[in-house]
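Q: Got a structure for you, written out below as structure tokens; questions coming shortly.
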Amino acid sequence: TRREKMSEQLEELWQYAQSVADEEDKDPTPPDFTKMDREKVERTAQKINKILKGTPGVDSKQRAKARYIEKHFPANIEKYEGQEALLAGRNSYSKTDPEATFMRMKEDHMQNGQLKPGYNVQVSSESQFIIHYSLHQTTNDIHTLKPHLQTYEYLYGALAENLTADAGYGSEENYGYLENVGIEGYVKYNTFDKEEQSYKSKKKKNGKDDFNRNNLHYNAEGDYYVCPMGQHM
């Protein structure tokens, strides 16, 4: 990241300044460059410039770099801290709408998977009526189930007894949450359909499918098969 590059540059210049400094200017305890803020950058850059200005024979490029760092790095660090606060754990945000996150939309007219700023909308329905909705900054539905239900509980003062959702919401964390709040969940995990298809394919391949013709009872007199459910076929 940019902050990491700034830290590396500042540490390199600090090491150079220490290598050319007089004994009285050397610092046996260098700053922790992994944790940078505006105040630390300003203080460190000032120390470096003081050493380089008072030391003869210093490389002019290093002096220019020190002046640049003292002038620009503190403001840049402050700007990056503001951007990280806006991200709030996300990997992107829109400059025109900082609360929006760049996501892949279902409507993709250019057919190039273009990312656009937006929100992940979650909707609850009962008997085909919309009873609740919530907006989320995360693109993955797995992380929206719990906060969606929490806002539902805040509005209605109670939670539903049963919940049905697709495999996009299936996770150990969500199953545990539903159990803890007393909701009977009908939520498939994300590999359920794949495993079910694989299981059926193996049964068919091995001839162990209950509905395979070879496994059905044949009534020769009536010329019909009987399925496992007892239906004539």
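Each chain of the structure tokens is named A, B, ... in the order shown, its residues numbered from 1; ligands are numbered from 1 in display order.
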Please identify which residues in range 54-204 of chain A DSSP calls strand (DSSP E or B) from the backbone, and express them as a VMD selection string.

A: chain A and resid 101 to 104 115 to 118 120 to 126 129 to 136 162 to 165 184 to 187

Q: Per DSSP on the backbone, filter range 9-230 of chain A down to the residues in helix (DSSP H, G or I) and report them as an MDAnalysis selection string.

A: chainID A and resid 9:20 23:25 38:53 60:87 141:143 145:156 167:169 172:180 192:206 213:215

Q: Looking at A:Glu4, A:Gln137, A:Glu179, A:Arg38, which one is nearest to Leu87 in chain A, with distances taken over only C-alpha atoms?

A: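 Between A:Glu4, A:Gln137, A:Glu179, A:Arg38, the residue approaching Leu87 in chain A most closely is A:Gln137.
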
Q: What does the distance between CA of Gly54 in chain A and CA of Ala75 in chain A come to in Å, to one decimal place?

A: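 For CA of Gly54 in chain A relative to CA of Ala75 in chain A, the distance reads 25.6 Å.
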
Q: Env of range 145-162 of chain A: 9 Å cut, atoms = only C-alpha atoms, seq-sep filter 2 positions within chain, self excluded. Answer as a ChimeraX atom specification.

A: /A:122-124,131-136,141-143,164,169,174,177-178,181-186

Q: Can you list, as a VMD selection string, every protein, DNA or RNA residue that comes within 12 Å of Glu70 in chain A when you count only C-alpha atoms, leaving out same-chain residues fewer than 3 positions away?

A: chain A and resid 6 9 to 10 13 38 to 50 63 to 67 73 to 77

Q: Enter the distance from CA of Ser7 in chain A to CA of Gly82 in chain A, in Å, rounded to one decimal.

A: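 That distance, rounded to one decimal, is 17.3 Å.
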